[in-house]
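Contents: one structure, followed by commentary.
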Amino acid sequence: MLIREWMTKDVITITPDTSMMKASKILKENRIRRLPVVDAEGRLIGIVSDRDIKEASPSKATTLDMHELYYLLSEIKVKDIMTRDPFTVRADDTVETVALNMIEKRIGGLPVIDDAGKLVGIISDSDVFKVLITITGVRHGGVQFAFELENTPGTLKPIVDTLREHNARIISILTSMDDSSGPTRRVYIRILPMDRAEENRIIEAVKSRFSLMYWARDNVHPA
């Protein structure tokens, strides 16, 4: 899963000389949280967020009158408050790497640049959520089974065979483990919705044959 497949390509940008007031208006009107700052050639030179604007704005307890406040805000430029040389990613980076960087750096979005430093997109935590929704197949509903299996070859096959015996259609199989050399791994399998009686028979068959951590029926409308 590469960033280029999930990033927003038509990015709203501003210049360093854009006023803070205008930047704030753009953020609110477009319901976004950050704006890349580019130069005349489209190269990324900074980024400004709604938090930056909030921190640079006068306190509500200010003694300035309306005219003074308006003048002050109109004089503040994006270049005065933006984060310069922000952390960036490339379109061919993986979404998983982006998610890790977001968590470690505690940021909700990253500009995507090409080899010349030009902005080609932006990817946010919302985009990462879309990836999670897509790869799990949760939009289709169905039943999810969670297992803790021995971290050895062949432990998954009997489960898959059992599901196939009952004509279950598998949407996704996901594996997670904190330590690749650990004794166990967690496996999550989702099957497409079926007749409720058929689903119940599959659930009972799986419970009787395997060590099931849990199962969950997602009450969503099929996509």
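Chain lettering (A, B, ...) mirrors the order of the structure tokens, residue numbering begins at 1 for each chain separately, and ligand numbering begins at 1 in order of display.
Near Ala40 in chain A, within a cut-off of 12 Å and counting only C-alpha atoms, sit the residues A:Thr13, A:Ile14, A:Thr15, A:Pro16, A:Asp17, A:Val37, A:Val38, A:Gly42, A:Arg43, A:Leu44, A:Ile45, A:Lys118, A:Leu119, with same-chain residues fewer than 2 positions away left out.
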Which polymer residues have any atom within 9 Å of an atom of range 49-53 of chain A, counting only C-alpha atoms, with same-chain residues fewer than 5 positions away left out, as a ChimeraX atom specification? /A:20-21,23-24,27-28,32-36,78,81-83
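Look at Thr88 in chain A: the protein and nucleic acid residues within 7 Å of it, using only C-alpha atoms and passing over chain neighbours fewer than 2 places away, are Pro86, Leu110, Pro111, Val112 and Ile113 of chain A.
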Open item on the list: I want to know what sits within 8 Å of Tyr214 in chain A, based on only C-alpha atoms, with residues of the same chain fewer than 3 positions away left out; could you give that as JSON, numbers by chain?
Closed with: {"A": [145, 146, 147]}
Please identify the strand (DSSP E or B) residues within range 6-218 of chain A (assignment by DSSP from backbone atoms) and present them as an MDAnalysis selection string.
chainID A and resid 8 14 19 34:38 43:49 77 83:84 89:90 94 109:113 118:124 143:150 170:176 184:191 212:217
